[in-house]
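Worksheet for the structure shown next.
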Amino acid sequence: SRINEAETRSWLWPVVSRTRGGGHDRFRVFPIYGVTRFRLDVENKFILWPIWTSVRRQGPGGGSGFMLFPFVGHAAMAGQESWMIVPPLTRFTRSDRLREVNCPWPLFQWSAGDIDRLYFWPVWGRKSMEGVDSRFVLWPLYRERREADADRRRHTVRLIPLLACSSERAAPQASGGGELLERRLKVWPLFSTHRWPGGFRLQALSLSPFLDYEPVERNWARLWTLYTRASSPAGTEEEWLWGLVRRRRMADGCGRLSVFPLLEIERRPDGGSWSLFKGLLGAKRAGVRRTFRVGYALEW
């Protein structure tokens, strides 16, 4: 076969093959021995694959390495060197910006430099890097994470499945602390809350053991929600038992109470109304005018 200038001849494919041309020089007797060279930049070898493999690359970002599987491995690149013993269980890495020890991975992990980490997994661990600080206790039961950038600060806490809490604030300014942008709290399975500038929402019960994801809230949460309360500058709305009881109190003085299908009461600054059994009996007042209703059609 020929691709551009590279020509390959194979015998008992894929056992024996030979490629030459276009800077390629490959020879393979699989799985006994194989070597691949591309110009003077790359050289890969294997002996009794996957027992012995090696790689060498020239130029910027290049390096060399070998693996004697499953006993030992070594990799050296520009500014970084790693040794592996019984990979991937044990690895030692040193570079200009990072020192790292995994011995054995993932039970003990330590690093210093760009990433500051100490794990005794799964009992306890912490990790810090630019803009992010996290820790865990008895992973994955308790996890905490803090993130910071030029504009915002985020803090998340999980105690599975009992507690989930997250908050987001604007970055502190020279004149004072950062403004609260959003806060969520869930105490499973009792209730969840959501607060944002000018608004608040409380929901009980809250059976999903995670923070309120939109698909779950849209499709399933109504099945187990017994009480909700929503507040905004315009007013407050409450709902019990899947909407059978509703109450609304508005900032302009209006209000409404509904107990389906028994009672409806509405209050306005200039009057109000009430009705029983969805209008079977009721009264209405607007200013000095009063209206009574009996049945669904008789009104005076």
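Labeling convention for the structure tokens: chains A, B, ... as they appear, residues from 1 per chain, ligands from 1 in order of appearance.
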
Report task. Can you pull out every residue within 8 Å of Trp224 (chain A), counting only C-alpha atoms, but drop anything in the same chain fewer than 4 positions away, and send it as JSON, numbers by chain? Result -> {"A": [205, 206, 207, 220]}

Please save C-alpha atoms of the selected residues as a JSON list (two decimals), in the first residue's frame.
[["chain", "number", "residue", "atom", "x", "y", "z"],
["A", 205, "LEU", "CA", -41.01, 18.60, 50.85],
["A", 206, "SER", "CA", -37.85, 18.30, 48.75],
["A", 207, "LEU", "CA", -37.21, 14.64, 47.97],
["A", 220, "TRP", "CA", -41.34, 15.68, 39.06]]

Quick one: residues within 10 Å of region 13-19 of chain A, only C-alpha atoms counted, chain neighbours fewer than 3 positions away excluded, as an mmCIF file with N, CA, C and O atoms, in the first residue's frame?
data_model
loop_
_atom_site.group_PDB
_atom_site.id
_atom_site.type_symbol
_atom_site.label_atom_id
_atom_site.label_comp_id
_atom_site.auth_asym_id
_atom_site.auth_seq_id
_atom_site.Cartn_x
_atom_site.Cartn_y
_atom_site.Cartn_z
ATOM 1 N N SER A 1 0.850 -1.183 0.000
ATOM 2 C CA SER A 1 0.000 0.000 0.000
ATOM 3 C C SER A 1 0.886 1.234 0.000
ATOM 4 O O SER A 1 2.020 1.200 0.496
ATOM 5 N N ARG A 2 0.353 2.341 -0.566
ATOM 6 C CA ARG A 2 1.121 3.577 -0.643
ATOM 7 C C ARG A 2 0.222 4.755 -0.256
ATOM 8 O O ARG A 2 -0.899 4.885 -0.759
ATOM 9 N N ALA A 6 4.888 7.383 1.404
ATOM 10 C CA ALA A 6 5.137 6.255 2.314
ATOM 11 C C ALA A 6 4.581 4.971 1.711
ATOM 12 O O ALA A 6 3.402 4.889 1.379
ATOM 13 N N GLU A 7 5.427 3.957 1.580
ATOM 14 C CA GLU A 7 5.027 2.662 1.027
ATOM 15 C C GLU A 7 5.160 1.595 2.101
ATOM 16 O O GLU A 7 6.180 1.506 2.785
ATOM 17 N N THR A 8 4.104 0.777 2.277
ATOM 18 C CA THR A 8 4.059 -0.267 3.311
ATOM 19 C C THR A 8 3.902 -1.626 2.658
ATOM 20 O O THR A 8 3.057 -1.803 1.768
ATOM 21 N N ARG A 9 4.708 -2.586 3.107
ATOM 22 C CA ARG A 9 4.584 -3.985 2.689
ATOM 23 C C ARG A 9 4.285 -4.816 3.939
ATOM 24 O O ARG A 9 4.958 -4.667 4.972
ATOM 25 N N SER A 10 3.276 -5.704 3.865
ATOM 26 C CA SER A 10 2.845 -6.506 5.010
ATOM 27 C C SER A 10 2.858 -7.986 4.650
ATOM 28 O O SER A 10 2.510 -8.361 3.522
ATOM 29 N N GLY A 22 8.885 9.227 2.632
ATOM 30 C CA GLY A 22 8.243 10.410 3.192
ATOM 31 C C GLY A 22 8.663 10.697 4.609
ATOM 32 O O GLY A 22 7.897 11.285 5.389
ATOM 33 N N GLY A 23 9.868 10.310 4.994
ATOM 34 C CA GLY A 23 10.335 10.521 6.357
ATOM 35 C C GLY A 23 9.946 9.408 7.307
ATOM 36 O O GLY A 23 10.378 9.416 8.466
ATOM 37 N N HIS A 24 9.145 8.428 6.876
ATOM 38 C CA HIS A 24 8.703 7.329 7.730
ATOM 39 C C HIS A 24 9.648 6.136 7.598
ATOM 40 O O HIS A 24 10.079 5.786 6.498
ATOM 41 N N ASP A 25 9.916 5.504 8.736
ATOM 42 C CA ASP A 25 10.720 4.280 8.757
ATOM 43 C C ASP A 25 10.135 3.407 9.867
ATOM 44 O O ASP A 25 10.375 3.635 11.061
ATOM 45 N N ARG A 26 9.329 2.405 9.485
ATOM 46 C CA ARG A 26 8.661 1.552 10.460
ATOM 47 C C ARG A 26 8.919 0.085 10.131
ATOM 48 O O ARG A 26 8.894 -0.313 8.965
ATOM 49 N N PHE A 27 9.133 -0.690 11.211
ATOM 50 C CA PHE A 27 9.281 -2.136 11.074
ATOM 51 C C PHE A 27 8.604 -2.789 12.274
ATOM 52 O O PHE A 27 8.771 -2.347 13.411
ATOM 53 N N ARG A 28 7.825 -3.872 12.007
ATOM 54 C CA ARG A 28 7.070 -4.496 13.084
ATOM 55 C C ARG A 28 6.986 -5.997 12.856
ATOM 56 O O ARG A 28 6.712 -6.463 11.746
ATOM 57 N N VAL A 29 7.258 -6.747 13.952
ATOM 58 C CA VAL A 29 6.948 -8.178 14.027
ATOM 59 C C VAL A 29 6.122 -8.327 15.307
ATOM 60 O O VAL A 29 6.657 -8.555 16.386
ATOM 61 N N PHE A 30 4.850 -8.135 15.166
ATOM 62 C CA PHE A 30 3.973 -8.023 16.339
ATOM 63 C C PHE A 30 3.693 -9.399 16.930
ATOM 64 O O PHE A 30 3.432 -10.361 16.174
ATOM 65 N N PRO A 31 3.736 -9.549 18.291
ATOM 66 C CA PRO A 31 4.047 -8.551 19.336
ATOM 67 C C PRO A 31 5.486 -8.634 19.821
ATOM 68 O O PRO A 31 5.766 -8.215 20.946
ATOM 69 N N ILE A 32 6.406 -9.168 18.997
ATOM 70 C CA ILE A 32 7.768 -9.404 19.463
ATOM 71 C C ILE A 32 8.586 -8.113 19.473
ATOM 72 O O ILE A 32 9.214 -7.767 20.479
ATOM 73 N N TYR A 33 8.558 -7.388 18.357
ATOM 74 C CA TYR A 33 9.406 -6.204 18.262
ATOM 75 C C TYR A 33 8.806 -5.239 17.255
ATOM 76 O O TYR A 33 8.214 -5.654 16.247
ATOM 77 N N GLY A 34 8.968 -3.944 17.547
ATOM 78 C CA GLY A 34 8.528 -2.937 16.603
ATOM 79 C C GLY A 34 9.235 -1.624 16.852
ATOM 80 O O GLY A 34 9.558 -1.284 17.995
ATOM 81 N N VAL A 35 9.506 -0.883 15.782
ATOM 82 C CA VAL A 35 10.126 0.424 15.901
ATOM 83 C C VAL A 35 9.501 1.347 14.856
ATOM 84 O O VAL A 35 9.251 0.933 13.712
ATOM 85 N N THR A 36 9.248 2.588 15.242
ATOM 86 C CA THR A 36 8.684 3.597 14.354
ATOM 87 C C THR A 36 9.538 4.847 14.454
ATOM 88 O O THR A 36 9.761 5.369 15.557
ATOM 89 N N ARG A 37 10.008 5.354 13.321
ATOM 90 C CA ARG A 37 10.783 6.593 13.288
ATOM 91 C C ARG A 37 10.166 7.521 12.253
ATOM 92 O O ARG A 37 9.743 7.075 11.185
#

Query - Test item, strand (DSSP E) assignment across region 44-187 of chain A, answer as an NGL selection string - result: :A and (44-47 or 52-57 or 63-68 or 72-77 or 80-85 or 90-95 or 98-102 or 108-113 or 116-120 or 124-129 or 132-137 or 142-148 or 152-159 or 163-170 or 180-187)

Report task. Find the distance between CA of Leu263 (chain A) and CA of Trp242 (chain A) and write it in Å to one decimal. Result -> 16.2 Å

Query - Contacts of Met67 (chain A) within 12 Å, only C-alpha atoms, excl. fewer than 3 positions in-chain, as an MDAnalysis selection string - result: chainID A and resid 44:55 64 70:75 82:88

Against region 265-269 of chain A, which residues of region 146-261 of chain A fall within 10 Å? For each one I want the closest pair of atoms and the distance in Å (one decimal), counting only C-alpha atoms, rows by chain and increasing residue number, as JSON lines.
{"residue": "A:Arg247", "atom": "CA", "partner": "A:Ile265", "partner_atom": "CA", "distance": 9.3}
{"residue": "A:Arg248", "atom": "CA", "partner": "A:Glu266", "partner_atom": "CA", "distance": 9.1}
{"residue": "A:Arg249", "atom": "CA", "partner": "A:Arg267", "partner_atom": "CA", "distance": 9.1}
{"residue": "A:Met250", "atom": "CA", "partner": "A:Arg268", "partner_atom": "CA", "distance": 9.6}
{"residue": "A:Asp252", "atom": "CA", "partner": "A:Pro269", "partner_atom": "CA", "distance": 8.0}
{"residue": "A:Gly253", "atom": "CA", "partner": "A:Pro269", "partner_atom": "CA", "distance": 5.9}
{"residue": "A:Cys254", "atom": "CA", "partner": "A:Arg268", "partner_atom": "CA", "distance": 4.4}
{"residue": "A:Gly255", "atom": "CA", "partner": "A:Arg267", "partner_atom": "CA", "distance": 4.9}
{"residue": "A:Arg256", "atom": "CA", "partner": "A:Glu266", "partner_atom": "CA", "distance": 4.3}
{"residue": "A:Leu257", "atom": "CA", "partner": "A:Ile265", "partner_atom": "CA", "distance": 5.0}
{"residue": "A:Ser258", "atom": "CA", "partner": "A:Ile265", "partner_atom": "CA", "distance": 6.4}
{"residue": "A:Val259", "atom": "CA", "partner": "A:Ile265", "partner_atom": "CA", "distance": 9.0}

Selection to disk with N, CA and C atoms, as a short mmCIF file (atom, residue, chain, number, x, y, z; two decimals), in the first residue's frame:
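Saved as result.cif:
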data_model
loop_
_atom_site.label_atom_id
_atom_site.label_comp_id
_atom_site.auth_asym_id
_atom_site.auth_seq_id
_atom_site.Cartn_x
_atom_site.Cartn_y
_atom_site.Cartn_z
N ARG A 247 -52.69 31.42 49.12
CA ARG A 247 -52.82 32.75 49.71
C ARG A 247 -51.85 33.69 49.02
N ARG A 248 -52.32 34.89 48.73
CA ARG A 248 -51.50 35.90 48.04
C ARG A 248 -51.65 37.22 48.78
N ARG A 249 -50.53 37.86 49.08
CA ARG A 249 -50.50 39.18 49.71
C ARG A 249 -49.58 40.07 48.91
N MET A 250 -50.13 41.13 48.34
CA MET A 250 -49.39 41.99 47.44
C MET A 250 -48.98 43.28 48.14
N ASP A 252 -49.32 46.26 47.09
CA ASP A 252 -50.28 47.34 46.89
C ASP A 252 -51.51 47.21 47.77
N GLY A 253 -51.52 46.25 48.71
CA GLY A 253 -52.64 46.08 49.61
C GLY A 253 -53.63 45.03 49.20
N CYS A 254 -53.52 44.48 48.01
CA CYS A 254 -54.42 43.43 47.56
C CYS A 254 -54.03 42.09 48.18
N GLY A 255 -55.02 41.20 48.31
CA GLY A 255 -54.75 39.88 48.84
C GLY A 255 -55.83 38.90 48.39
N ARG A 256 -55.50 37.62 48.48
CA ARG A 256 -56.45 36.59 48.05
C ARG A 256 -56.17 35.30 48.80
N LEU A 257 -57.27 34.66 49.25
CA LEU A 257 -57.19 33.37 49.91
C LEU A 257 -58.16 32.42 49.22
N SER A 258 -57.67 31.21 48.87
CA SER A 258 -58.50 30.23 48.18
C SER A 258 -58.33 28.88 48.83
N VAL A 259 -59.46 28.25 49.20
CA VAL A 259 -59.47 26.88 49.71
C VAL A 259 -60.37 26.09 48.77
#

Report task. Show which residues sit within 9 Å of region 135-137 of chain A, as a VMD selection string. Count only C-alpha atoms, and ignore same-chain residues fewer than 5 positions away. Result -> chain A and resid 119 121 to 128 142 to 145

Dump C-alpha atoms for the selected residues as a compact mmCIF listing (two decimals), in the first residue's frame?
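Below is the file part-v3.txt, written as the result:
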# COMPACT_ATOMS: atom_id res chain seq x y z
CA TYR A 119 -5.28 13.45 50.11
CA TRP A 121 -8.49 9.15 50.31
CA PRO A 122 -11.31 8.52 51.07
CA VAL A 123 -10.97 9.76 54.69
CA TRP A 124 -9.84 13.39 54.23
CA GLY A 125 -8.35 15.65 51.61
CA ARG A 126 -7.78 19.22 50.51
CA LYS A 127 -6.64 20.87 47.26
CA SER A 128 -5.80 24.47 46.41
CA TYR A 142 -18.88 15.65 52.62
CA ARG A 143 -17.41 17.96 49.98
CA GLU A 144 -16.72 21.69 50.04
CA ARG A 145 -15.53 23.94 47.23

Query raised in the report: Do you have the CA of Leu202 (chain A)-CA of Arg229 (chain A) distance handy?
Result: 5.0 Å

Report task. Extract, using only C-alpha atoms, all DNA, RNA and protein residues at most 8 Å from Gly62 (chain A), discarding same-chain residues fewer than 3 positions from it, and format them as a ChimeraX atom specification. Result -> /A:56-59,77-78

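Candidate residues A:Ser208, A:Thr193, A:Gln203, A:Thr93 were compared for distance to Leu226 (chain A), and the nearest is A:Gln203, using only C-alpha atoms.
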
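Nearest to Gly113 (chain A) of all the residues A:Arg99, A:Arg146, A:Arg195, A:Lys284 is A:Arg99, based on only C-alpha atoms.
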
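CA of Arg39 (chain A) to CA of Leu12 (chain A) spans 26.9 Å [interatomic distance, one decimal].
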
Query - DSSP alpha helix (DSSP H) residues within region 30-233 of chain A, listed as number ranges by chain - result: A: 214-219, 221-224

Kindly save the residues from that selection, with N, CA and C atoms included, as a PDB file, in the first residue's frame.
ATOM      1  N   GLU A 214     -33.333  22.017  37.150  1.00  0.00           N
ATOM      2  CA  GLU A 214     -34.546  22.438  36.447  1.00  0.00           C
ATOM      3  C   GLU A 214     -35.358  21.276  35.890  1.00  0.00           C
ATOM      4  N   PRO A 215     -34.761  20.245  35.244  1.00  0.00           N
ATOM      5  CA  PRO A 215     -35.601  19.152  34.723  1.00  0.00           C
ATOM      6  C   PRO A 215     -36.380  18.424  35.820  1.00  0.00           C
ATOM      7  N   VAL A 216     -35.741  18.205  36.988  1.00  0.00           N
ATOM      8  CA  VAL A 216     -36.442  17.539  38.088  1.00  0.00           C
ATOM      9  C   VAL A 216     -37.557  18.432  38.616  1.00  0.00           C
ATOM     10  N   GLU A 217     -37.260  19.710  38.806  1.00  0.00           N
ATOM     11  CA  GLU A 217     -38.281  20.617  39.328  1.00  0.00           C
ATOM     12  C   GLU A 217     -39.447  20.757  38.362  1.00  0.00           C
ATOM     13  N   ARG A 218     -39.160  20.781  37.086  1.00  0.00           N
ATOM     14  CA  ARG A 218     -40.222  20.968  36.098  1.00  0.00           C
ATOM     15  C   ARG A 218     -41.099  19.739  35.948  1.00  0.00           C
ATOM     16  N   ASN A 219     -40.519  18.544  35.982  1.00  0.00           N
ATOM     17  CA  ASN A 219     -41.271  17.339  35.628  1.00  0.00           C
ATOM     18  C   ASN A 219     -41.754  16.526  36.827  1.00  0.00           C
ATOM     19  N   ALA A 221     -41.048  17.509  40.663  1.00  0.00           N
ATOM     20  CA  ALA A 221     -41.127  18.075  42.014  1.00  0.00           C
ATOM     21  C   ALA A 221     -42.555  18.357  42.461  1.00  0.00           C
ATOM     22  N   ARG A 222     -43.456  18.658  41.530  1.00  0.00           N
ATOM     23  CA  ARG A 222     -44.831  18.941  41.922  1.00  0.00           C
ATOM     24  C   ARG A 222     -45.495  17.745  42.595  1.00  0.00           C
ATOM     25  N   LEU A 223     -45.018  16.547  42.345  1.00  0.00           N
ATOM     26  CA  LEU A 223     -45.640  15.358  42.928  1.00  0.00           C
ATOM     27  C   LEU A 223     -45.459  15.308  44.440  1.00  0.00           C
ATOM     28  N   TRP A 224     -44.314  15.788  44.946  1.00  0.00           N
ATOM     29  CA  TRP A 224     -44.053  15.689  46.372  1.00  0.00           C
ATOM     30  C   TRP A 224     -44.027  17.038  47.090  1.00  0.00           C
TER      31      TRP A 224
END

Report task. Using only C-alpha atoms, determine which residues lie at most 8 Å from region 158-169 of chain A, disregarding the query and same-chain residues fewer than 3 positions distant; provide the list as a VMD selection string. Result -> chain A and resid 140 to 144 152 to 155 178 to 189 209 to 211

Query raised in the report: From the set A:Leu280, A:Phe69, A:Ser192, A:Leu98, which residue has the shortest atom-to-atom contact distance to Ala297 (chain A), counting only C-alpha atoms?
Result: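 When distances to Ala297 (chain A) are compared using only C-alpha atoms, the smallest one comes from A:Leu280.
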